[in-house]
Structure formats: structure tokens, C-alpha cells
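Shown below: target.pdb, with PDB, C-alpha atoms.
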```
ATOM      1  CA  MET A   1      28.703   7.979 -21.408
ATOM      2  CA  GLN A   2      27.522   6.652 -18.059
ATOM      3  CA  HIS A   3      26.442   3.031 -18.124
ATOM      4  CA  PRO A   4      22.614   2.950 -18.055
ATOM      5  CA  LEU A   5      22.611   0.596 -15.082
ATOM      6  CA  ARG A   6      25.184   2.571 -13.143
ATOM      7  CA  GLY A   7      23.575   3.854  -9.984
ATOM      8  CA  LEU A   8      20.758   1.332 -10.101
ATOM      9  CA  SER A   9      23.052  -1.274  -8.715
ATOM     10  CA  ILE A  10      23.712   0.402  -5.374
ATOM     11  CA  VAL A  11      20.219   1.638  -4.565
ATOM     12  CA  ARG A  12      19.099   0.211  -1.200
ATOM     13  CA  ILE A  13      22.488  -1.404  -0.634
ATOM     14  CA  GLY A  14      24.856   1.296   0.659
ATOM     15  CA  ALA A  15      26.226   0.615   4.107
ATOM     16  CA  ALA A  16      23.808  -2.281   4.532
ATOM     17  CA  ALA A  17      25.233  -4.223   1.603
ATOM     18  CA  ALA A  18      25.450  -7.412   3.603
ATOM     19  CA  MET A  19      21.660  -7.410   3.980
ATOM     20  CA  ILE A  20      21.326  -8.360   0.316
ATOM     21  CA  ALA A  21      21.062 -12.004   1.313
ATOM     22  CA  PHE A  22      18.488 -11.444   4.035
ATOM     23  CA  SER A  23      15.352 -10.367   2.170
ATOM     24  CA  ALA A  24      12.307 -12.562   2.649
ATOM     25  CA  PRO A  25      10.589 -14.214   1.034
ATOM     26  CA  PHE A  26      12.927 -15.369  -1.704
ATOM     27  CA  ALA A  27      13.357 -18.444  -3.893
ATOM     28  CA  LEU A  28      16.731 -20.076  -4.427
ATOM     29  CA  ALA A  29      17.692 -21.183  -7.907
ATOM     30  CA  GLN A  30      17.447 -24.915  -8.407
ATOM     31  CA  GLN A  31      20.541 -25.016 -10.559
ATOM     32  CA  ASP A  32      23.278 -22.879  -9.018
ATOM     33  CA  ALA A  33      25.029 -21.992 -12.248
ATOM     34  CA  VAL A  34      27.950 -19.552 -12.244
ATOM     35  CA  VAL A  35      26.879 -16.331 -13.973
ATOM     36  CA  ALA A  36      30.079 -14.314 -13.437
ATOM     37  CA  THR A  37      33.350 -14.256 -11.521
ATOM     38  CA  VAL A  38      35.109 -11.507  -9.586
ATOM     39  CA  ASN A  39      38.860 -12.050  -9.296
ATOM     40  CA  GLY A  40      38.238 -15.733  -9.818
ATOM     41  CA  GLU A  41      35.466 -15.991  -7.203
ATOM     42  CA  PRO A  42      32.127 -17.194  -8.665
ATOM     43  CA  ILE A  43      28.859 -15.322  -8.582
ATOM     44  CA  THR A  44      26.128 -17.912  -8.853
ATOM     45  CA  GLU A  45      22.531 -17.867  -9.942
ATOM     46  CA  THR A  46      21.566 -18.094  -6.267
ATOM     47  CA  ASP A  47      23.589 -14.960  -5.511
ATOM     48  CA  LEU A  48      21.765 -13.222  -8.345
ATOM     49  CA  VAL A  49      18.331 -14.367  -7.162
ATOM     50  CA  LEU A  50      19.044 -13.112  -3.651
ATOM     51  CA  ALA A  51      20.220  -9.777  -5.004
ATOM     52  CA  MET A  52      17.142  -9.488  -7.244
ATOM     53  CA  ALA A  53      14.916 -10.111  -4.225
ATOM     54  CA  ASP A  54      16.512  -7.141  -2.516
ATOM     55  CA  LEU A  55      16.161  -4.921  -5.569
ATOM     56  CA  ASN A  56      12.735  -6.153  -6.578
ATOM     57  CA  GLU A  57      10.619  -3.534  -4.817
ATOM     58  CA  GLN A  58      12.636  -0.680  -6.297
ATOM     59  CA  PHE A  59      12.822  -2.088  -9.795
ATOM     60  CA  ALA A  60       9.623  -4.134 -10.034
ATOM     61  CA  GLN A  61       8.575  -2.281 -13.174
ATOM     62  CA  LEU A  62      11.803  -2.965 -15.054
ATOM     63  CA  PRO A  63      12.081  -5.861 -17.501
ATOM     64  CA  GLU A  64      13.622  -8.949 -15.920
ATOM     65  CA  ALA A  65      16.814  -8.626 -17.987
ATOM     66  CA  GLN A  66      17.439  -5.136 -16.588
ATOM     67  CA  ARG A  67      16.670  -6.250 -13.037
ATOM     68  CA  ARG A  68      19.115  -9.133 -13.398
ATOM     69  CA  ALA A  69      21.762  -6.781 -14.750
ATOM     70  CA  ALA A  70      21.210  -4.308 -11.887
ATOM     71  CA  ALA A  71      21.429  -7.128  -9.353
ATOM     72  CA  LEU A  72      24.629  -8.489 -10.899
ATOM     73  CA  SER A  73      26.175  -5.023 -10.872
ATOM     74  CA  ALA A  74      25.282  -4.718  -7.184
ATOM     75  CA  VAL A  75      26.871  -8.077  -6.334
ATOM     76  CA  ILE A  76      30.057  -7.188  -8.237
ATOM     77  CA  GLU A  77      30.389  -3.874  -6.415
ATOM     78  CA  ILE A  78      29.697  -5.524  -3.062
ATOM     79  CA  ARG A  79      32.341  -8.190  -3.691
ATOM     80  CA  LEU A  80      34.957  -5.623  -4.737
ATOM     81  CA  LEU A  81      34.342  -3.274  -1.820
ATOM     82  CA  ALA A  82      34.077  -6.158   0.650
ATOM     83  CA  ALA A  83      37.492  -7.406  -0.481
ATOM     84  CA  GLU A  84      38.959  -3.953   0.064
ATOM     85  CA  ALA A  85      37.360  -3.833   3.513
ATOM     86  CA  GLU A  86      38.978  -7.186   4.358
ATOM     87  CA  LYS A  87      42.369  -5.844   3.286
ATOM     88  CA  ALA A  88      41.874  -2.791   5.476
ATOM     89  CA  GLY A  89      41.066  -4.932   8.496
ATOM     90  CA  LEU A  90      37.536  -3.646   8.797
ATOM     91  CA  ALA A  91      36.269  -7.137   9.574
ATOM     92  CA  ASP A  92      38.315  -7.242  12.766
ATOM     93  CA  GLY A  93      37.172  -6.045  16.152
ATOM     94  CA  ASP A  94      34.138  -6.202  18.404
ATOM     95  CA  GLU A  95      32.091  -3.580  16.546
ATOM     96  CA  PHE A  96      32.076  -5.550  13.314
ATOM     97  CA  ALA A  97      31.342  -8.779  15.180
ATOM     98  CA  ARG A  98      28.338  -7.154  16.861
ATOM     99  CA  ARG A  99      27.129  -5.842  13.532
ATOM    100  CA  MET A 100      27.385  -9.281  11.962
ATOM    101  CA  ALA A 101      25.526 -10.796  14.909
ATOM    102  CA  LEU A 102      22.709  -8.298  14.397
ATOM    103  CA  LEU A 103      22.600  -9.021  10.667
ATOM    104  CA  ARG A 104      22.406 -12.744  11.404
ATOM    105  CA  GLN A 105      19.547 -12.165  13.820
ATOM    106  CA  ARG A 106      17.701 -10.054  11.261
ATOM    107  CA  ALA A 107      18.226 -12.794   8.679
ATOM    108  CA  LEU A 108      16.765 -15.355  11.071
ATOM    109  CA  HIS A 109      13.900 -12.975  11.827
ATOM    110  CA  SER A 110      13.108 -12.753   8.101
ATOM    111  CA  ALA A 111      13.490 -16.513   7.621
ATOM    112  CA  TYR A 112      11.089 -17.187  10.487
ATOM    113  CA  ILE A 113       8.504 -14.811   9.019
ATOM    114  CA  ASP A 114       8.859 -16.555   5.664
ATOM    115  CA  LYS A 115       8.706 -20.134   6.922
ATOM    116  CA  GLU A 116       6.494 -19.925  10.002
ATOM    117  CA  VAL A 117       4.332 -16.787   9.685
ATOM    118  CA  ALA A 118       3.769 -16.084   5.993
ATOM    119  CA  ALA A 119       3.403 -19.788   5.211
ATOM    120  CA  ARG A 120       0.208 -19.843   7.271
ATOM    121  CA  VAL A 121      -1.371 -17.108   5.169
ATOM    122  CA  THR A 122      -2.812 -19.482   2.600
ATOM    123  CA  ASP A 123      -5.211 -18.623  -0.217
ATOM    124  CA  GLU A 124      -7.941 -20.361   1.767
ATOM    125  CA  ALA A 125      -7.204 -18.270   4.860
ATOM    126  CA  VAL A 126      -7.290 -15.054   2.833
ATOM    127  CA  ARG A 127     -10.619 -15.973   1.271
ATOM    128  CA  ALA A 128     -12.057 -16.914   4.659
ATOM    129  CA  ARG A 129     -10.991 -13.575   6.125
ATOM    130  CA  TYR A 130     -12.593 -11.718   3.205
ATOM    131  CA  ASP A 131     -15.849 -13.658   3.588
ATOM    132  CA  LYS A 132     -15.877 -12.968   7.331
ATOM    133  CA  GLN A 133     -15.326  -9.252   6.784
ATOM    134  CA  VAL A 134     -18.113  -9.091   4.201
ATOM    135  CA  ALA A 135     -20.504 -10.988   6.485
ATOM    136  CA  GLU A 136     -19.753  -8.705   9.439
ATOM    137  CA  THR A 137     -19.998  -5.436   7.517
ATOM    138  CA  PRO A 138     -23.437  -3.842   7.929
ATOM    139  CA  PRO A 139     -25.188  -3.112   4.630
ATOM    140  CA  THR A 140     -24.715   0.480   3.504
ATOM    141  CA  ASN A 141     -26.954   2.425   1.172
ATOM    142  CA  GLU A 142     -25.512   4.445  -1.660
ATOM    143  CA  VAL A 143     -27.060   6.775  -4.185
ATOM    144  CA  ARG A 144     -26.351   7.767  -7.738
ATOM    145  CA  ALA A 145     -26.931  11.487  -8.110
ATOM    146  CA  ARG A 146     -26.537  14.351 -10.527
ATOM    147  CA  HIS A 147     -26.070  17.950  -9.585
ATOM    148  CA  ILE A 148     -25.989  21.413 -11.056
ATOM    149  CA  ILE A 149     -23.697  23.781  -9.182
ATOM    150  CA  VAL A 150     -23.793  27.551  -9.590
ATOM    151  CA  GLU A 151     -22.368  30.534  -7.744
ATOM    152  CA  THR A 152     -25.506  32.132  -6.299
ATOM    153  CA  GLU A 153     -28.745  31.087  -4.647
ATOM    154  CA  GLU A 154     -30.702  33.105  -7.198
ATOM    155  CA  GLU A 155     -29.181  31.109 -10.072
ATOM    156  CA  ALA A 156     -30.026  27.846  -8.316
ATOM    157  CA  LYS A 157     -33.631  28.923  -7.726
ATOM    158  CA  ALA A 158     -33.966  29.882 -11.372
ATOM    159  CA  ILE A 159     -32.759  26.414 -12.383
ATOM    160  CA  ILE A 160     -35.284  24.764 -10.052
ATOM    161  CA  ALA A 161     -38.026  26.855 -11.662
ATOM    162  CA  GLU A 162     -36.806  25.716 -15.075
ATOM    163  CA  LEU A 163     -36.959  22.094 -13.950
ATOM    164  CA  ASP A 164     -40.438  22.620 -12.512
ATOM    165  CA  ALA A 165     -41.477  23.842 -15.967
ATOM    166  CA  GLY A 166     -40.297  20.560 -17.524
ATOM    167  CA  GLY A 167     -36.635  21.337 -18.200
ATOM    168  CA  ASP A 168     -34.217  18.471 -18.797
ATOM    169  CA  PHE A 169     -31.799  18.114 -15.861
ATOM    170  CA  GLU A 170     -28.899  16.730 -17.902
ATOM    171  CA  ALA A 171     -29.180  19.382 -20.595
ATOM    172  CA  ILE A 172     -29.319  22.185 -18.013
ATOM    173  CA  ALA A 173     -26.328  20.714 -16.179
ATOM    174  CA  LYS A 174     -24.271  20.629 -19.366
ATOM    175  CA  GLU A 175     -25.183  24.223 -20.094
ATOM    176  CA  LYS A 176     -25.019  25.884 -16.676
ATOM    177  CA  SER A 177     -23.183  23.756 -14.102
ATOM    178  CA  LYS A 178     -19.779  25.074 -13.012
ATOM    179  CA  ASP A 179     -17.829  21.891 -12.280
ATOM    180  CA  GLY A 180     -16.213  19.058 -14.190
ATOM    181  CA  ALA A 181     -19.259  16.813 -13.986
ATOM    182  CA  ALA A 182     -21.174  19.211 -16.252
ATOM    183  CA  ALA A 183     -19.945  17.399 -19.357
ATOM    184  CA  GLN A 184     -21.622  14.213 -18.072
ATOM    185  CA  GLY A 185     -24.887  16.002 -17.339
ATOM    186  CA  GLY A 186     -23.845  16.513 -13.708
ATOM    187  CA  ASP A 187     -23.509  12.758 -13.097
ATOM    188  CA  LEU A 188     -21.538  12.056  -9.904
ATOM    189  CA  GLY A 189     -21.936   8.283 -10.042
ATOM    190  CA  TYR A 190     -22.680   6.202  -6.958
ATOM    191  CA  PHE A 191     -21.478   7.307  -3.540
ATOM    192  CA  GLY A 192     -22.017   6.175   0.015
ATOM    193  CA  PRO A 193     -21.935   7.926   3.388
ATOM    194  CA  GLY A 194     -18.860  10.048   4.035
ATOM    195  CA  ARG A 195     -17.974  10.566   0.390
ATOM    196  CA  MET A 196     -19.522  14.024  -0.003
ATOM    197  CA  VAL A 197     -19.623  17.111   2.192
ATOM    198  CA  PRO A 198     -22.331  16.723   4.876
ATOM    199  CA  GLU A 199     -24.815  19.251   3.470
ATOM    200  CA  PHE A 200     -24.754  17.660   0.032
ATOM    201  CA  GLU A 201     -24.876  14.118   1.362
ATOM    202  CA  GLN A 202     -27.809  14.806   3.681
ATOM    203  CA  ALA A 203     -29.842  16.389   0.882
ATOM    204  CA  ALA A 204     -29.052  13.620  -1.622
ATOM    205  CA  PHE A 205     -29.944  10.740   0.700
ATOM    206  CA  ALA A 206     -33.217  12.452   1.664
ATOM    207  CA  LEU A 207     -34.459  12.562  -1.940
ATOM    208  CA  ASP A 208     -36.518   9.823  -3.562
ATOM    209  CA  VAL A 209     -35.313   8.213  -6.771
ATOM    210  CA  GLY A 210     -36.163  10.488  -9.680
ATOM    211  CA  ALA A 211     -36.686  13.561  -7.476
ATOM    212  CA  TYR A 212     -34.632  16.742  -7.463
ATOM    213  CA  SER A 213     -34.112  19.234  -4.653
ATOM    214  CA  LYS A 214     -36.851  21.865  -4.450
ATOM    215  CA  GLU A 215     -34.586  24.235  -2.515
ATOM    216  CA  PRO A 216     -30.958  25.083  -3.350
ATOM    217  CA  VAL A 217     -28.363  23.229  -1.267
ATOM    218  CA  LYS A 218     -25.482  25.383  -0.083
ATOM    219  CA  THR A 219     -22.002  23.940   0.467
ATOM    220  CA  GLN A 220     -18.524  25.397   0.601
ATOM    221  CA  PHE A 221     -18.345  24.923  -3.178
ATOM    222  CA  GLY A 222     -21.453  26.835  -4.152
ATOM    223  CA  TRP A 223     -25.193  26.312  -4.591
ATOM    224  CA  HIS A 224     -26.406  22.908  -5.779
ATOM    225  CA  VAL A 225     -29.513  21.486  -7.342
ATOM    226  CA  ILE A 226     -29.438  17.715  -6.815
ATOM    227  CA  LYS A 227     -31.264  14.899  -8.568
ATOM    228  CA  VAL A 228     -31.188  11.272  -7.389
ATOM    229  CA  GLU A 229     -31.100   8.729 -10.204
ATOM    230  CA  ASP A 230     -30.887   5.505  -8.185
ATOM    231  CA  LYS A 231     -30.426   3.990  -4.739
ATOM    232  CA  ARG A 232     -28.956   0.617  -3.908
ATOM    233  CA  ILE A 233     -27.110  -1.398  -1.282
ATOM    234  CA  GLN A 234     -23.387  -0.775  -1.571
ATOM    235  CA  GLN A 235     -21.637  -3.850  -2.934
ATOM    236  CA  PRO A 236     -18.397  -5.066  -1.344
ATOM    237  CA  PRO A 237     -15.280  -4.920  -3.523
ATOM    238  CA  ALA A 238     -14.614  -8.061  -5.515
ATOM    239  CA  PHE A 239     -12.316 -10.538  -3.793
ATOM    240  CA  ASP A 240      -9.693 -10.337  -6.533
ATOM    241  CA  GLN A 241      -9.448  -6.569  -6.064
ATOM    242  CA  VAL A 242      -8.665  -6.749  -2.339
ATOM    243  CA  ALA A 243      -7.080 -10.181  -1.887
ATOM    244  CA  GLU A 244      -3.577  -8.800  -1.428
ATOM    245  CA  GLN A 245      -4.803  -6.284   1.150
ATOM    246  CA  PHE A 246      -6.361  -9.097   3.168
ATOM    247  CA  ARG A 247      -3.181 -11.142   2.764
ATOM    248  CA  SER A 248      -1.186  -8.266   4.260
ATOM    249  CA  ILE A 249      -3.663  -7.915   7.125
ATOM    250  CA  LEU A 250      -3.388 -11.608   7.962
ATOM    251  CA  LEU A 251       0.392 -11.476   7.757
ATOM    252  CA  ARG A 252       0.526  -8.545  10.190
ATOM    253  CA  GLU A 253      -1.927 -10.190  12.566
ATOM    254  CA  ASN A 254      -0.051 -13.502  12.582
ATOM    255  CA  TYR A 255       3.223 -11.670  13.063
ATOM    256  CA  PHE A 256       2.058  -9.610  16.029
ATOM    257  CA  ALA A 257       0.279 -12.569  17.594
ATOM    258  CA  LYS A 258       3.558 -14.506  17.561
ATOM    259  CA  VAL A 259       5.550 -11.532  18.848
ATOM    260  CA  THR A 260       3.044 -11.010  21.668
ATOM    261  CA  GLU A 261       3.224 -14.688  22.602
ATOM    262  CA  LEU A 262       7.019 -14.635  22.716
ATOM    263  CA  ARG A 263       7.188 -11.361  24.643
ATOM    264  CA  GLU A 264       4.781 -12.613  27.293
ATOM    265  CA  ALA A 265       6.926 -15.725  27.761
ATOM    266  CA  ALA A 266      10.235 -13.808  27.775
ATOM    267  CA  THR A 267      11.950 -11.798  30.465
ATOM    268  CA  VAL A 268      12.680  -8.374  29.010
ATOM    269  CA  GLU A 269      14.302  -5.818  31.308
ATOM    270  CA  ILE A 270      15.061  -2.304  30.081
ATOM    271  CA  ALA A 271      17.765  -0.685  32.173
ATOM    272  CA  ASP A 272      17.627   2.773  30.587
ATOM    273  CA  PRO A 273      14.714   4.685  32.230
ATOM    274  CA  ALA A 274      14.241   7.040  29.276
ATOM    275  CA  LEU A 275      14.077   4.145  26.825
ATOM    276  CA  LYS A 276      11.668   2.302  29.109
ATOM    277  CA  ASP A 277       9.342   5.302  29.299
ATOM    278  CA  ALA A 278       9.510   5.833  25.540
ATOM    279  CA  LEU A 279       8.919   2.174  24.666
ATOM    280  CA  GLU A 280       5.992   1.359  26.933
ATOM    281  CA  PRO A 281       3.365   3.531  25.138
ATOM    282  CA  ALA A 282       4.378   2.000  21.806
ATOM    283  CA  GLU A 283       4.284  -1.635  22.895
ATOM    284  CA  GLY A 284       1.134  -2.218  20.853
ATOM    285  CA  GLY A 285       2.470  -0.516  17.743
ATOM    286  CA  GLU A 286       3.770  -2.055  14.574
ATOM    287  CA  ASP A 287       7.273  -3.452  14.464
ATOM    288  CA  ALA A 288       9.409  -1.389  12.132
ATOM    289  CA  ASN A 289      11.352  -4.465  11.116
ATOM    290  CA  GLN A 290       8.379  -6.422   9.836
TER
END
```
With the file now loaded, output its structure as C-alpha cells.
Amino acid sequence: MQHPLRGLSIVRIGAAAAMIAFSAPFALAQQDAVVATVNGEPITETDLVLAMADLNEQFAQLPEAQRRAAALSAVIEIRLLAAEAEKAGLADGDEFARRMALLRQRALHSAYIDKEVAARVTDEAVRARYDKQVAETPPTNEVRARHIIVETEEEAKAIIAELDAGGDFEAIAKEKSKDGAAAQGGDLGYFGPGRMVPEFEQAAFALDVGAYSKEPVKTQFGWHVIKVEDKRIQQPPAFDQVAEQFRSILLRENYFAKVTELREAATVEIADPALKDALEPAEGGEDANQ
């Protein structure tokens, strides 16, 4: 039977196995205990922590014990194959030296982001950015509406006549509406601009609270009778719900601000005309290595 962790260990490693030590951010173990040996060479807790950092995104949902086992399996396989590569002379030559230089530069790139860029994205900075965004966002109205949707205009007009005669909107919706909201009496909850198709949205926002449409509203889905239950100012999402999104925004902004500063101070000459033409339109884009 295949070992249950077999295959997990080499995901995201492959030809880039050496990058296992270059993920950022990561935390080194305070006590560098030996957790295993490969042909007498120790694998330490630090090695395991670094490997877990590389596997973490893929296996974040696994219990820690399984993630540790997957990381250890990856390190063992890397050590064994690296030793074979040494025996075969694959570490010799200019190509390998250039590859190692690039890996070192990428490691320094990640370390700089961790120590100099991400470190500035404090909890206070994230909260301040959230508060600024909320303060600068214009207030937006939203409505809570119900609807009854049917296939023909005649059916919709008949429902309006029933409502005019004192019919209960929720009861009629449960009986006659053709969509999933029928079970909730046609309740669509609160929605703001841009959430519904234009014809429906325009009709809903034009109604007063407690009123229903006196003419059927046609959309691509059918014929609607709409009732507005409430109107209010749309509330911003709670800070805790969006804190990580704002943290990511700040991280990207700090990163690109630093890159822009360094590029403006550097002398970068692109000798290949095709590369130069292809790169210039994308100069403002996101760095794939972030």
C-alpha cells in the first residue's frame, strides 16, 4: 500500500527543491533539535520549519502532525536526490553557479520583503488604512426587497390585482413565485447598486418602503412584482472581516513603492529590443515574484 504521505512531500518542490529554504516569512526554531538523519547527516527542527513554511499554503488544512511529516519526507527526498546530483557532478559548471546565484538573490528578495517591507505593515497601519477607506467611501443606499417572479405579464398583472385586493405578498410569493426565494416569501435580503439587473434595481430603488410595484417589471428572468421592505445606508464590512485584505493591500503598496524608488535610482538598460518593447507597457504591473 502506498504511504499516505507519499506524493505530498514533493508537491511544490520538484526542480525548485532548493527554494525550500527561501519562503518568507518564516520563523526559525529556537531550539535546533535533530529530528532525523540521512546517511548520518542531521535534519534539524529548523530544516523542518523551513520546509513546513514552503508546504504551508498547500497543506494549510492538514493537522500539524501531517504537515510536519510531509515536510520531513520532502527534506529526506531532497537530501537523497541532492547527494546523487553531487555524485553525478551536476553541481559543477557555470549553469549551476548561475542558478544558485539566482536562488540566492530570490532568497534575499524574500528576506528583504519580510524584514523591511512586511514589518512595516503593523496592526495599527492596517486599522488606519481601513478607517481611511471607510471615511472616504461615499454613503450608499441599499434596499431590502421581496419579489414574485412569473413567466408572463398577464400573470404578474393578476398578482398585482390580488395585492390591490388585500392579498398577502409573502403568501402569494410562496404559492406562485418561480424562483428559489419563494420559500422565504420572495425575500431577497438587502442589496445595493449593481447587485441586481438594471431593470429590477431601478424599480426597487424607486419604490417607497412598504410599497409594491403597480406595473410588472420585465427582466431577462421573467416578470416581477417587487415590494420594498426597508431602506438604509449600506454599512461597511466589519474590520475583522477585511483586515487581512487591507494587510495585503498595504503589503503590495509598500512593495511597489520600494521597487519604484529603487528602479528610479538604478540604471537599467535592456539590450534586447523585443524584450524592451514587451516590458515597457507592463512597468506599472504587479511583480510576479512578490
Between A:Val143, A:Val268, A:Leu251, A:Ala257, which one has atoms that come closest to Glu229 of chain A, using all atoms listed in the file?
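Closest residue, counting all atoms listed in the file: A:Val143.
The protein and nucleic acid residues lying at most 9 Å from segment 197-213 of chain A are Asn141, Glu142, Val143, Arg144, Ala145, Arg146, His147, Ile160, Leu163, Phe169, Gly192, Lys218, Thr219, Gln220, His224, Val225, Ile226, Lys227, Val228, Glu229, Asp230 and Lys231 of chain A, with all atoms listed in the file considered and sequence neighbours fewer than 5 positions away removed.
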Segment 118-128 of chain A environment, 8 Å, all atoms listed in the file, sequence neighbours closer than 2 positions dropped, as a list in words:
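Listing them by chain and then by number gives Ile113, Asp114, Lys115, Glu116, Tyr130, Asp131, Lys132, Phe239, Ala243, Phe246, Arg247, Leu250 and Leu251 of chain A.
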Distance criterion (only C-alpha atoms): nearest to Leu80 of chain A out of A:Asp32, A:Asp187, A:Glu41, A:Glu175:
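Residue with the minimum atom-to-atom distance to Leu80 of chain A: A:Glu41.
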Distance criterion (only C-alpha atoms): nearest to Val75 of chain A out of A:Ile149, A:Ala36, A:Ala182, A:Ala278
A:Ala36
Which is closer to Tyr255 of chain A than all the others in A:Lys174, A:Arg79, A:His109, A:Lys214, using all atoms listed in the file?
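Using all atoms listed in the file, Tyr255 of chain A sits closest to A:His109.
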For atom CA of Ile43 of chain A and atom CA of Leu102 of chain A, quote the distance in Å rounded to one decimal.
24.8 Å
In terms of only C-alpha atoms, the residue from A:Leu72, A:Met100, A:Leu48, A:Ala238 at minimal distance from Val134 of chain A is A:Ala238
Two-atom distance - atom CA of Phe191 of chain A, atom CA of Gln234 of chain A (Å):
8.5 Å
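We find atom CA of Ile148 of chain A and atom CA of Ser177 of chain A to be spaced 4.8 Å apart.
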Select, from A:Val35, A:Met196, A:Ala82, A:Ile159, the residue with the minimum atom-to-atom distance to Pro216 of chain A, counting all atoms listed in the file.
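Result for the nearest residue to Pro216 of chain A: A:Ile159.
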Applied to the shown file, which residues does the PyMOL selection byres ((chain A and resi 46) around 8) return, written as a list in words?
Leu28, Ala29, Asp32, Ala33, Thr44, Glu45, Asp47, Leu48, Val49 and Leu50 of chain A
